[in-house]
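Structure file entry-v5.cif (mmCIF, C-alpha atoms) is printed below.
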data_run
#
loop_
_atom_site.group_PDB
_atom_site.id
_atom_site.type_symbol
_atom_site.label_atom_id
_atom_site.label_comp_id
_atom_site.auth_asym_id
_atom_site.auth_seq_id
_atom_site.Cartn_x
_atom_site.Cartn_y
_atom_site.Cartn_z
ATOM 1 C CA MET A 1 0.266 3.714 17.751
ATOM 2 C CA LYS A 2 2.532 0.752 17.065
ATOM 3 C CA THR A 3 3.402 0.865 13.358
ATOM 4 C CA LEU A 4 5.035 -1.963 11.447
ATOM 5 C CA ILE A 5 6.853 -0.877 8.281
ATOM 6 C CA VAL A 6 7.607 -3.510 5.627
ATOM 7 C CA PHE A 7 10.275 -1.994 3.375
ATOM 8 C CA ASN A 8 11.728 -3.343 0.134
ATOM 9 C CA HIS A 9 14.395 -1.573 -1.908
ATOM 10 C CA PRO A 10 18.010 -2.734 -2.277
ATOM 11 C CA TYR A 11 19.568 0.655 -3.085
ATOM 12 C CA GLU A 12 20.256 2.826 -0.036
ATOM 13 C CA LYS A 13 20.113 6.104 -1.993
ATOM 14 C CA SER A 14 16.783 5.349 -3.656
ATOM 15 C CA TYR A 15 13.766 7.619 -3.327
ATOM 16 C CA CYS A 16 12.058 4.771 -1.484
ATOM 17 C CA ASN A 17 14.694 5.150 1.228
ATOM 18 C CA ALA A 18 13.906 8.867 1.422
ATOM 19 C CA ILE A 19 10.235 7.907 1.840
ATOM 20 C CA LEU A 20 11.163 5.490 4.607
ATOM 21 C CA GLU A 21 13.036 8.263 6.414
ATOM 22 C CA ALA A 22 10.046 10.618 6.036
ATOM 23 C CA VAL A 23 7.654 7.984 7.398
ATOM 24 C CA GLN A 24 9.906 7.257 10.366
ATOM 25 C CA SER A 25 10.425 10.971 11.060
ATOM 26 C CA GLY A 26 6.663 11.577 11.016
ATOM 27 C CA LEU A 27 5.990 8.632 13.305
ATOM 28 C CA GLU A 28 8.657 9.813 15.748
ATOM 29 C CA LYS A 29 7.196 13.344 15.803
ATOM 30 C CA GLY A 30 3.774 11.845 16.481
ATOM 31 C CA SER A 31 5.198 9.738 19.343
ATOM 32 C CA HIS A 32 4.257 6.504 17.576
ATOM 33 C CA GLN A 33 6.169 3.242 18.028
ATOM 34 C CA ILE A 34 8.123 2.027 14.991
ATOM 35 C CA ASP A 35 8.977 -1.539 14.021
ATOM 36 C CA LEU A 36 10.891 -1.839 10.738
ATOM 37 C CA ILE A 37 11.133 -4.994 8.649
ATOM 38 C CA HIS A 38 13.770 -4.286 5.978
ATOM 39 C CA LEU A 39 13.354 -7.267 3.675
ATOM 40 C CA ASP A 40 16.578 -6.603 1.748
ATOM 41 C CA LYS A 41 18.774 -6.260 4.832
ATOM 42 C CA ASP A 42 17.062 -9.291 6.396
ATOM 43 C CA ASN A 43 17.987 -11.399 3.336
ATOM 44 C CA PHE A 44 14.390 -12.585 3.330
ATOM 45 C CA ASP A 45 13.756 -15.688 1.195
ATOM 46 C CA PRO A 46 10.633 -14.875 -0.857
ATOM 47 C CA VAL A 47 10.258 -18.283 -2.498
ATOM 48 C CA MET A 48 7.257 -20.456 -1.590
ATOM 49 C CA ARG A 49 8.882 -23.870 -1.330
ATOM 50 C CA GLY A 50 7.302 -27.288 -0.908
ATOM 51 C CA LYS A 51 7.368 -27.135 2.884
ATOM 52 C CA ASP A 52 5.746 -23.692 2.798
ATOM 53 C CA LEU A 53 2.894 -24.955 0.645
ATOM 54 C CA ALA A 54 2.511 -27.966 2.943
ATOM 55 C CA ALA A 55 2.242 -25.574 5.903
ATOM 56 C CA PHE A 56 -0.277 -23.483 3.978
ATOM 57 C CA ALA A 57 -2.457 -26.561 3.396
ATOM 58 C CA LYS A 58 -2.161 -27.693 7.034
ATOM 59 C CA ALA A 59 -2.955 -24.232 8.426
ATOM 60 C CA ARG A 60 -6.541 -24.476 7.220
ATOM 61 C CA ASN A 61 -7.335 -27.087 9.902
ATOM 62 C CA ASN A 62 -4.361 -27.051 12.253
ATOM 63 C CA ALA A 63 -2.582 -23.704 12.491
ATOM 64 C CA GLU A 64 -0.450 -24.663 15.487
ATOM 65 C CA ASP A 65 1.130 -27.597 13.643
ATOM 66 C CA ALA A 66 1.591 -25.432 10.561
ATOM 67 C CA TYR A 67 3.596 -22.891 12.583
ATOM 68 C CA THR A 68 6.246 -25.522 13.328
ATOM 69 C CA MET A 69 6.842 -25.883 9.583
ATOM 70 C CA LEU A 70 7.475 -22.195 8.944
ATOM 71 C CA ASP A 71 10.891 -20.596 8.490
ATOM 72 C CA PRO A 72 12.092 -19.002 11.750
ATOM 73 C CA GLN A 73 12.149 -15.643 9.969
ATOM 74 C CA VAL A 74 8.478 -15.972 9.014
ATOM 75 C CA THR A 75 7.635 -16.955 12.589
ATOM 76 C CA GLU A 76 9.382 -13.794 13.813
ATOM 77 C CA TYR A 77 7.526 -11.636 11.255
ATOM 78 C CA LYS A 78 4.272 -13.286 12.370
ATOM 79 C CA LYS A 79 4.769 -12.147 15.971
ATOM 80 C CA ARG A 80 5.593 -8.606 14.897
ATOM 81 C CA LEU A 81 2.629 -8.412 12.539
ATOM 82 C CA GLU A 82 0.266 -9.592 15.263
ATOM 83 C CA GLU A 83 1.350 -6.658 17.476
ATOM 84 C CA ALA A 84 0.944 -3.973 14.791
ATOM 85 C CA GLU A 85 -1.782 -1.349 14.982
ATOM 86 C CA HIS A 86 -0.889 0.132 11.590
ATOM 87 C CA LEU A 87 0.931 -1.558 8.706
ATOM 88 C CA VAL A 88 2.947 0.310 6.093
ATOM 89 C CA PHE A 89 4.342 -1.170 2.876
ATOM 90 C CA ILE A 90 7.003 0.838 0.997
ATOM 91 C CA PHE A 91 8.321 -0.483 -2.313
ATOM 92 C CA PRO A 92 8.976 0.486 -5.959
ATOM 93 C CA ILE A 93 6.758 -0.717 -8.772
ATOM 94 C CA TRP A 94 8.865 -2.675 -11.257
ATOM 95 C CA TRP A 95 7.241 -3.936 -14.447
ATOM 96 C CA GLU A 96 3.808 -2.906 -13.089
ATOM 97 C CA LEU A 97 4.048 -4.979 -9.880
ATOM 98 C CA MET A 98 5.906 -5.194 -6.557
ATOM 99 C CA PRO A 99 9.444 -6.611 -6.285
ATOM 100 C CA ALA A 100 9.921 -10.276 -5.454
ATOM 101 C CA LEU A 101 10.695 -9.723 -1.759
ATOM 102 C CA THR A 102 7.427 -7.870 -1.166
ATOM 103 C CA LYS A 103 5.470 -10.501 -3.086
ATOM 104 C CA GLY A 104 7.190 -13.195 -1.044
ATOM 105 C CA PHE A 105 6.242 -11.437 2.193
ATOM 106 C CA VAL A 106 2.607 -11.422 1.088
ATOM 107 C CA ASP A 107 2.777 -15.099 0.069
ATOM 108 C CA LYS A 108 4.551 -16.336 3.204
ATOM 109 C CA VAL A 109 3.314 -14.011 5.971
ATOM 110 C CA ILE A 110 -0.204 -12.992 4.875
ATOM 111 C CA PHE A 111 -0.950 -16.608 5.569
ATOM 112 C CA PRO A 112 -3.775 -18.719 7.040
ATOM 113 C CA GLY A 113 -3.374 -18.991 10.787
ATOM 114 C CA ILE A 114 -1.387 -15.728 10.794
ATOM 115 C CA ALA A 115 -3.341 -12.973 9.044
ATOM 116 C CA TYR A 116 -6.635 -14.810 8.578
ATOM 117 C CA ASP A 117 -8.551 -18.006 9.193
ATOM 118 C CA TYR A 118 -10.965 -19.799 6.907
ATOM 119 C CA GLY A 119 -14.655 -19.537 7.680
ATOM 120 C CA LYS A 120 -17.443 -21.438 6.031
ATOM 121 C CA SER A 121 -16.817 -22.343 2.405
ATOM 122 C CA THR A 122 -14.089 -20.003 1.104
ATOM 123 C CA SER A 123 -14.797 -17.023 3.395
ATOM 124 C CA MET A 124 -11.934 -15.546 5.423
ATOM 125 C CA ILE A 125 -11.885 -14.351 9.024
ATOM 126 C CA PHE A 126 -9.479 -11.526 9.870
ATOM 127 C CA ARG A 127 -7.030 -12.480 12.652
ATOM 128 C CA LEU A 128 -4.997 -9.292 13.113
ATOM 129 C CA LYS A 129 -7.324 -7.784 15.698
ATOM 130 C CA LYS A 130 -4.989 -4.962 16.725
ATOM 131 C CA LEU A 131 -4.574 -3.696 13.159
ATOM 132 C CA LYS A 132 -6.496 -0.469 12.478
ATOM 133 C CA GLY A 133 -5.241 0.326 8.988
ATOM 134 C CA VAL A 134 -2.782 -0.269 6.154
ATOM 135 C CA THR A 135 -0.917 2.275 4.016
ATOM 136 C CA VAL A 136 0.844 1.215 0.818
ATOM 137 C CA ILE A 137 3.399 3.692 -0.585
ATOM 138 C CA THR A 138 4.824 3.036 -4.040
ATOM 139 C CA THR A 139 7.101 4.745 -6.534
ATOM 140 C CA MET A 140 7.122 4.334 -10.294
ATOM 141 C CA ASN A 141 8.177 6.116 -13.461
ATOM 142 C CA THR A 142 4.923 5.417 -15.327
ATOM 143 C CA PRO A 143 2.360 8.253 -15.583
ATOM 144 C CA SER A 144 -0.637 7.639 -13.325
ATOM 145 C CA THR A 145 -3.118 7.781 -16.216
ATOM 146 C CA ILE A 146 -1.250 5.112 -18.176
ATOM 147 C CA TYR A 147 -0.864 2.929 -15.093
ATOM 148 C CA LYS A 148 -4.595 3.187 -14.456
ATOM 149 C CA LEU A 149 -5.968 2.901 -17.995
ATOM 150 C CA ILE A 150 -3.499 0.476 -19.581
ATOM 151 C CA PHE A 151 -2.231 -1.529 -16.602
ATOM 152 C CA GLY A 152 -5.432 -1.380 -14.583
ATOM 153 C CA ASN A 153 -3.890 0.021 -11.389
ATOM 154 C CA ALA A 154 -2.369 -3.420 -10.889
ATOM 155 C CA ILE A 155 -1.020 -2.814 -7.382
ATOM 156 C CA LYS A 156 -4.263 -1.306 -6.133
ATOM 157 C CA ASN A 157 -6.316 -4.151 -7.539
ATOM 158 C CA SER A 158 -4.019 -7.001 -6.518
ATOM 159 C CA LEU A 159 -2.891 -5.833 -3.066
ATOM 160 C CA LEU A 160 -5.424 -3.365 -1.670
ATOM 161 C CA LYS A 161 -8.624 -4.534 -3.373
ATOM 162 C CA GLY A 162 -7.383 -8.112 -3.604
ATOM 163 C CA THR A 163 -5.281 -9.606 -0.808
ATOM 164 C CA LEU A 164 -5.871 -7.027 1.933
ATOM 165 C CA TRP A 165 -9.588 -6.685 1.208
ATOM 166 C CA LYS A 166 -10.124 -10.445 1.059
ATOM 167 C CA ILE A 167 -8.634 -11.050 4.483
ATOM 168 C CA GLY A 168 -10.589 -8.137 5.979
ATOM 169 C CA CYS A 169 -7.942 -5.441 6.521
ATOM 170 C CA PRO A 170 -9.613 -2.146 7.504
ATOM 171 C CA ASN A 171 -8.797 1.353 6.228
ATOM 172 C CA ARG A 172 -6.617 0.515 3.248
ATOM 173 C CA LYS A 173 -4.846 3.509 1.651
ATOM 174 C CA TRP A 174 -2.523 3.772 -1.355
ATOM 175 C CA ILE A 175 -0.053 6.629 -1.899
ATOM 176 C CA SER A 176 1.160 6.327 -5.483
ATOM 177 C CA LEU A 177 4.111 8.538 -6.451
ATOM 178 C CA ASN A 178 4.469 8.616 -10.229
ATOM 179 C CA MET A 179 7.105 9.812 -12.679
ATOM 180 C CA VAL A 180 9.616 9.979 -9.839
ATOM 181 C CA LYS A 181 12.671 10.343 -12.078
ATOM 182 C CA SER A 182 11.004 13.023 -14.222
ATOM 183 C CA VAL A 183 9.546 15.387 -11.633
ATOM 184 C CA SER A 184 11.529 18.215 -10.094
ATOM 185 C CA VAL A 185 13.581 17.933 -6.932
ATOM 186 C CA GLU A 186 11.170 20.419 -5.370
ATOM 187 C CA THR A 187 8.208 18.152 -6.125
ATOM 188 C CA ARG A 188 9.965 15.175 -4.563
ATOM 189 C CA LYS A 189 10.701 17.261 -1.451
ATOM 190 C CA LYS A 190 7.030 18.311 -1.217
ATOM 191 C CA TRP A 191 5.937 14.676 -1.442
ATOM 192 C CA LEU A 192 8.242 13.800 1.445
ATOM 193 C CA MET A 193 6.930 16.668 3.548
ATOM 194 C CA LYS A 194 3.316 15.527 2.976
ATOM 195 C CA ILE A 195 4.212 11.940 3.884
ATOM 196 C CA GLU A 196 5.980 13.035 7.051
ATOM 197 C CA LYS A 197 2.965 15.141 8.065
ATOM 198 C CA LYS A 198 0.565 12.283 7.336
ATOM 199 C CA PHE A 199 2.396 9.912 9.658
ATOM 200 C CA THR A 200 2.853 12.543 12.368
ATOM 201 C CA GLU A 201 -0.951 12.807 12.424
ATOM 202 C CA LEU A 202 -1.588 9.059 12.120
ATOM 203 C CA LYS A 203 -4.664 7.876 14.060
#
Here is the file; what I need is its structure written in the form of C-alpha coordinates.
Amino acid sequence: MKTLIVFNHPYEKSYCNAILEAVQSGLEKGSHQIDLIHLDKDNFDPVMRGKDLAAFAKARNNAEDAYTMLDPQVTEYKKRLEEAEHLVFIFPIWWELMPALTKGFVDKVIFPGIAYDYGKSTSMIFRLKKLKGVTVITTMNTPSTIYKLIFGNAIKNSLLKGTLWKIGCPNRKWISLNMVKSVSVETRKKWLMKIEKKFTELK
(Lines of atoms letter the chains of each structure in order from A and count residues from 1; the text may use other names and numbers.)
(Lines give C-alpha, C1' and ligand atoms only; values in the text may rest on other atoms or scores of the structure.)
Protein backbone atom coordinates (compact mmCIF):
# COMPACT_ATOMS: atom_id res chain seq x y z
CA MET A 1 0.00 0.00 0.00
CA LYS A 2 1.35 3.42 -0.92
CA THR A 3 1.40 5.49 2.28
CA LEU A 4 1.91 9.23 2.41
CA ILE A 5 3.19 10.53 5.76
CA VAL A 6 2.75 14.23 6.56
CA PHE A 7 5.13 14.97 9.44
CA ASN A 8 5.51 18.15 11.48
CA HIS A 9 8.00 18.57 14.32
CA PRO A 10 11.10 20.79 14.21
CA TYR A 11 13.15 18.95 16.85
CA GLU A 12 14.95 15.86 15.55
CA LYS A 13 15.12 14.18 18.97
CA SER A 14 11.42 14.62 19.74
CA TYR A 15 9.13 11.71 20.53
CA CYS A 16 7.27 12.54 17.32
CA ASN A 17 10.45 11.66 15.43
CA ALA A 18 10.57 8.33 17.27
CA ILE A 19 6.95 7.77 16.17
CA LEU A 20 7.90 8.59 12.59
CA GLU A 21 10.69 6.00 12.73
CA ALA A 22 8.28 3.39 14.16
CA VAL A 23 5.72 4.09 11.42
CA GLN A 24 8.35 3.84 8.69
CA SER A 25 9.81 0.66 10.19
CA GLY A 26 6.36 -0.95 10.33
CA LEU A 27 5.57 0.05 6.76
CA GLU A 28 8.89 -1.34 5.54
CA LYS A 29 8.30 -4.65 7.35
CA GLY A 30 4.86 -4.83 5.75
CA SER A 31 6.37 -4.16 2.30
CA HIS A 32 4.37 -0.94 1.93
CA GLN A 33 5.57 2.03 -0.13
CA ILE A 34 6.50 5.15 1.85
CA ASP A 35 6.31 8.78 0.75
CA LEU A 36 7.35 11.27 3.43
CA ILE A 37 6.43 14.95 3.45
CA HIS A 38 8.52 16.54 6.22
CA LEU A 39 6.96 19.99 6.47
CA ASP A 40 9.75 21.42 8.64
CA LYS A 41 12.59 20.24 6.40
CA ASP A 42 10.63 21.36 3.32
CA ASN A 43 10.38 24.90 4.76
CA PHE A 44 6.69 24.76 3.89
CA ASP A 45 4.94 28.16 3.92
CA PRO A 46 1.71 27.60 5.88
CA VAL A 47 0.24 31.07 5.35
CA MET A 48 -2.90 31.44 3.21
CA ARG A 49 -2.05 34.55 1.21
CA GLY A 50 -4.22 36.60 -1.12
CA LYS A 51 -3.30 34.57 -4.19
CA ASP A 52 -4.10 31.35 -2.32
CA LEU A 53 -7.55 32.59 -1.40
CA ALA A 54 -8.09 33.73 -4.99
CA ALA A 55 -7.17 30.21 -6.15
CA PHE A 56 -9.52 28.75 -3.56
CA ALA A 57 -12.40 30.86 -4.90
CA LYS A 58 -11.58 30.00 -8.53
CA ALA A 59 -11.27 26.27 -7.84
CA ARG A 60 -14.99 25.99 -7.19
CA ASN A 61 -15.74 26.48 -10.91
CA ASN A 62 -12.40 26.16 -12.66
CA ALA A 63 -9.91 23.88 -10.90
CA GLU A 64 -7.45 23.77 -13.79
CA ASP A 65 -7.00 27.55 -13.78
CA ALA A 66 -6.75 27.52 -9.99
CA TYR A 67 -3.84 25.06 -10.15
CA THR A 68 -1.74 27.60 -12.06
CA MET A 69 -2.07 29.98 -9.10
CA LEU A 70 -0.79 27.53 -6.50
CA ASP A 71 2.71 27.51 -5.03
CA PRO A 72 4.92 24.93 -6.79
CA GLN A 73 5.33 23.15 -3.45
CA VAL A 74 1.56 22.79 -3.07
CA THR A 75 1.31 21.50 -6.64
CA GLU A 76 3.94 18.87 -5.81
CA TYR A 77 2.10 17.87 -2.60
CA LYS A 78 -1.12 17.64 -4.64
CA LYS A 79 0.39 15.04 -6.98
CA ARG A 80 1.72 12.99 -4.08
CA LEU A 81 -1.57 13.13 -2.20
CA GLU A 82 -3.48 11.98 -5.26
CA GLU A 83 -1.32 8.82 -5.42
CA ALA A 84 -1.70 7.90 -1.73
CA GLU A 85 -3.67 4.86 -0.61
CA HIS A 86 -3.23 5.67 3.08
CA LEU A 87 -2.50 9.06 4.66
CA VAL A 88 -0.73 9.50 7.99
CA PHE A 89 -0.43 12.76 9.94
CA ILE A 90 2.13 12.91 12.78
CA PHE A 91 2.38 16.06 14.88
CA PRO A 92 2.42 17.34 18.49
CA ILE A 93 -0.56 19.07 20.03
CA TRP A 94 0.47 22.55 21.15
CA TRP A 95 -2.05 24.70 23.01
CA GLU A 96 -4.79 22.14 22.24
CA LEU A 97 -4.32 22.24 18.44
CA MET A 98 -1.88 21.28 15.67
CA PRO A 99 1.23 23.36 14.88
CA ALA A 100 1.05 26.03 12.20
CA LEU A 101 2.71 23.93 9.48
CA THR A 102 0.14 21.15 9.80
CA LYS A 103 -2.72 23.65 9.83
CA GLY A 104 -1.24 25.30 6.75
CA PHE A 105 -1.04 21.94 4.97
CA VAL A 106 -4.74 21.39 5.67
CA ASP A 107 -5.61 24.92 4.51
CA LYS A 108 -3.52 24.86 1.32
CA VAL A 109 -3.58 21.20 0.23
CA ILE A 110 -6.94 19.87 1.48
CA PHE A 111 -8.30 22.20 -1.13
CA PRO A 112 -11.13 22.29 -3.70
CA GLY A 113 -10.00 20.72 -6.94
CA ILE A 114 -7.38 18.69 -5.02
CA ALA A 115 -9.01 16.77 -2.17
CA TYR A 116 -12.65 17.49 -3.00
CA ASP A 117 -15.05 19.17 -5.39
CA TYR A 118 -18.23 21.04 -4.62
CA GLY A 119 -21.52 19.32 -5.35
CA LYS A 120 -24.94 20.84 -5.20
CA SER A 121 -25.34 23.61 -2.64
CA THR A 122 -22.51 23.22 -0.10
CA SER A 123 -22.02 19.44 -0.41
CA MET A 124 -18.53 18.08 -1.10
CA ILE A 125 -17.44 15.30 -3.44
CA PHE A 126 -14.35 13.32 -2.44
CA ARG A 127 -11.63 13.42 -5.13
CA LEU A 128 -8.89 11.23 -3.63
CA LYS A 129 -10.21 8.00 -5.09
CA LYS A 130 -7.14 5.91 -4.25
CA LEU A 131 -7.24 6.84 -0.56
CA LYS A 132 -8.50 4.00 1.67
CA GLY A 133 -7.89 5.52 5.09
CA VAL A 134 -6.30 8.20 7.27
CA THR A 135 -4.42 7.81 10.56
CA VAL A 136 -3.68 10.83 12.75
CA ILE A 137 -1.00 10.32 15.44
CA THR A 138 -0.54 13.05 18.04
CA THR A 139 1.46 13.64 21.20
CA MET A 140 0.57 15.89 24.10
CA ASN A 141 1.28 16.39 27.79
CA THR A 142 -2.37 16.92 28.75
CA PRO A 143 -4.24 13.99 30.37
CA SER A 144 -6.73 12.42 27.97
CA THR A 145 -9.69 13.03 30.30
CA ILE A 146 -8.93 16.74 30.58
CA TYR A 147 -8.37 17.05 26.83
CA LYS A 148 -11.73 15.38 26.21
CA LEU A 149 -13.86 17.00 28.92
CA ILE A 150 -12.40 20.51 29.05
CA PHE A 151 -10.99 20.99 25.55
CA GLY A 152 -13.56 18.87 23.75
CA ASN A 153 -11.09 16.58 21.96
CA ALA A 154 -10.30 19.55 19.74
CA ILE A 155 -8.12 17.68 17.24
CA LYS A 156 -10.60 14.85 16.83
CA ASN A 157 -13.49 17.23 16.31
CA SER A 158 -11.71 19.70 14.03
CA LEU A 159 -9.63 17.34 11.87
CA LEU A 160 -11.19 13.88 11.91
CA LYS A 161 -14.86 14.72 12.49
CA GLY A 162 -14.52 18.09 10.78
CA THR A 163 -12.25 18.50 7.76
CA LEU A 164 -11.64 14.85 6.87
CA TRP A 165 -15.26 13.82 7.43
CA LYS A 166 -16.63 16.76 5.45
CA ILE A 167 -14.61 15.95 2.36
CA GLY A 168 -15.50 12.25 2.60
CA CYS A 169 -12.27 10.60 3.80
CA PRO A 170 -12.91 6.94 4.69
CA ASN A 171 -11.64 5.03 7.73
CA ARG A 172 -10.40 7.88 9.88
CA LYS A 173 -8.40 6.83 12.97
CA TRP A 174 -6.78 8.85 15.76
CA ILE A 175 -3.92 7.58 17.94
CA SER A 176 -3.61 10.02 20.83
CA LEU A 177 -0.53 9.63 23.04
CA ASN A 178 -0.99 11.61 26.25
CA MET A 179 1.25 12.70 29.11
CA VAL A 180 4.29 11.87 26.99
CA LYS A 181 6.79 13.65 29.24
CA SER A 182 5.33 12.08 32.40
CA VAL A 183 5.03 8.42 31.46
CA SER A 184 7.88 5.96 31.86
CA VAL A 185 10.45 5.19 29.20
CA GLU A 186 9.05 1.67 29.12
CA THR A 187 5.56 2.97 28.32
CA ARG A 188 6.92 5.11 25.48
CA LYS A 189 8.75 2.06 24.09
CA LYS A 190 5.55 -0.02 24.25
CA TRP A 191 3.65 2.69 22.36
CA LEU A 192 6.28 2.63 19.62
CA MET A 193 6.12 -1.15 19.37
CA LYS A 194 2.31 -1.04 18.99
CA ILE A 195 2.56 1.65 16.32
CA GLU A 196 5.17 -0.31 14.39
CA LYS A 197 2.99 -3.43 14.52
CA LYS A 198 -0.08 -1.49 13.41
CA PHE A 199 1.64 -0.21 10.28
CA THR A 200 3.24 -3.57 9.50
CA GLU A 201 -0.30 -4.97 9.37
CA LEU A 202 -1.80 -1.99 7.52
CA LYS A 203 -4.57 -2.96 5.06
Please write the residues picked by the PyMOL selection byres ((chain A and resi 131-148) around 8) on this file as a PDB file with C-alpha atoms, in the frame of the given file.
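Final file, selection-v9.pdb:
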ATOM      1  CA  TYR A  15      13.766   7.619  -3.327  1.00  0.00           C
ATOM      2  CA  CYS A  16      12.058   4.771  -1.484  1.00  0.00           C
ATOM      3  CA  GLU A  82       0.266  -9.592  15.263  1.00  0.00           C
ATOM      4  CA  GLU A  83       1.350  -6.658  17.476  1.00  0.00           C
ATOM      5  CA  ALA A  84       0.944  -3.973  14.791  1.00  0.00           C
ATOM      6  CA  GLU A  85      -1.782  -1.349  14.982  1.00  0.00           C
ATOM      7  CA  HIS A  86      -0.889   0.132  11.590  1.00  0.00           C
ATOM      8  CA  LEU A  87       0.931  -1.558   8.706  1.00  0.00           C
ATOM      9  CA  VAL A  88       2.947   0.310   6.093  1.00  0.00           C
ATOM     10  CA  PHE A  89       4.342  -1.170   2.876  1.00  0.00           C
ATOM     11  CA  ILE A  90       7.003   0.838   0.997  1.00  0.00           C
ATOM     12  CA  PHE A  91       8.321  -0.483  -2.313  1.00  0.00           C
ATOM     13  CA  PRO A  92       8.976   0.486  -5.959  1.00  0.00           C
ATOM     14  CA  ILE A  93       6.758  -0.717  -8.772  1.00  0.00           C
ATOM     15  CA  TRP A  94       8.865  -2.675 -11.257  1.00  0.00           C
ATOM     16  CA  GLU A  96       3.808  -2.906 -13.089  1.00  0.00           C
ATOM     17  CA  LEU A 128      -4.997  -9.292  13.113  1.00  0.00           C
ATOM     18  CA  LYS A 129      -7.324  -7.784  15.698  1.00  0.00           C
ATOM     19  CA  LYS A 130      -4.989  -4.962  16.725  1.00  0.00           C
ATOM     20  CA  LEU A 149      -5.968   2.901 -17.995  1.00  0.00           C
ATOM     21  CA  ILE A 150      -3.499   0.476 -19.581  1.00  0.00           C
ATOM     22  CA  PHE A 151      -2.231  -1.529 -16.602  1.00  0.00           C
ATOM     23  CA  GLY A 152      -5.432  -1.380 -14.583  1.00  0.00           C
ATOM     24  CA  ASN A 153      -3.890   0.021 -11.389  1.00  0.00           C
ATOM     25  CA  ALA A 154      -2.369  -3.420 -10.889  1.00  0.00           C
ATOM     26  CA  CYS A 169      -7.942  -5.441   6.521  1.00  0.00           C
ATOM     27  CA  PRO A 170      -9.613  -2.146   7.504  1.00  0.00           C
ATOM     28  CA  ASN A 171      -8.797   1.353   6.228  1.00  0.00           C
ATOM     29  CA  ARG A 172      -6.617   0.515   3.248  1.00  0.00           C
ATOM     30  CA  LYS A 173      -4.846   3.509   1.651  1.00  0.00           C
ATOM     31  CA  TRP A 174      -2.523   3.772  -1.355  1.00  0.00           C
ATOM     32  CA  ILE A 175      -0.053   6.629  -1.899  1.00  0.00           C
ATOM     33  CA  SER A 176       1.160   6.327  -5.483  1.00  0.00           C
ATOM     34  CA  LEU A 177       4.111   8.538  -6.451  1.00  0.00           C
ATOM     35  CA  ASN A 178       4.469   8.616 -10.229  1.00  0.00           C
ATOM     36  CA  MET A 179       7.105   9.812 -12.679  1.00  0.00           C
ATOM     37  CA  VAL A 180       9.616   9.979  -9.839  1.00  0.00           C
ATOM     38  CA  LYS A 181      12.671  10.343 -12.078  1.00  0.00           C
ATOM     39  CA  SER A 182      11.004  13.023 -14.222  1.00  0.00           C
TER      40      SER A 182
END
Selection near segment 114-124 of chain A, 10 Å with all atoms listed in the file, sequence-local residues under 4 positions removed, as a VMD selection string: chain A and resid 59 to 61 63 67 75 77 to 79 81 to 82 108 to 110 128 to 129 164 166 to 169
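Between atom CA of Phe126 of chain A and atom CA of Ile34 of chain A lies a distance of 22.8 Å.
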List the residues selected by the PyMOL selection byres ((chain A and resi 35) around 7) in the file shown, writing them as number ranges by chain. A: 3-5, 33-34, 36-37
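Atom CA of Lys198 of chain A to atom CA of Leu101 of chain A spans 25.9 Å [interatomic distance, one decimal].
Here atom CA of Lys156 of chain A is placed at a distance of 22.2 Å from atom CA of Ser14 of chain A.
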I'd like a table as JSON lines: residues in segment 67-117 of chain A with an atom no more than 10 Å from segment 47-51 of chain A, each row giving the shortest atom pair and its distance in Å to one decimal, all atoms listed in the file counted, sorted by chain and rising residue number.
{"residue": "A:Met69", "atom": "CA", "partner": "A:Lys51", "partner_atom": "CA", "distance": 6.8}
{"residue": "A:Leu70", "atom": "CA", "partner": "A:Lys51", "partner_atom": "CA", "distance": 7.8}
{"residue": "A:Asp71", "atom": "CA", "partner": "A:Lys51", "partner_atom": "CA", "distance": 9.3}
{"residue": "A:Ala100", "atom": "CA", "partner": "A:Val47", "partner_atom": "CA", "distance": 8.5}
{"residue": "A:Leu101", "atom": "CA", "partner": "A:Val47", "partner_atom": "CA", "distance": 8.6}
{"residue": "A:Lys103", "atom": "CA", "partner": "A:Val47", "partner_atom": "CA", "distance": 9.2}
{"residue": "A:Gly104", "atom": "CA", "partner": "A:Val47", "partner_atom": "CA", "distance": 6.1}
{"residue": "A:Phe105", "atom": "CA", "partner": "A:Val47", "partner_atom": "CA", "distance": 9.2}
{"residue": "A:Asp107", "atom": "CA", "partner": "A:Met48", "partner_atom": "CA", "distance": 7.2}
{"residue": "A:Lys108", "atom": "CA", "partner": "A:Met48", "partner_atom": "CA", "distance": 6.9}
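Proximity to Phe44 of chain A was assessed for A:Met193, A:Val183, A:Val6, A:Ala22 counting only C-alpha atoms; the smallest distance is recorded for A:Val6.
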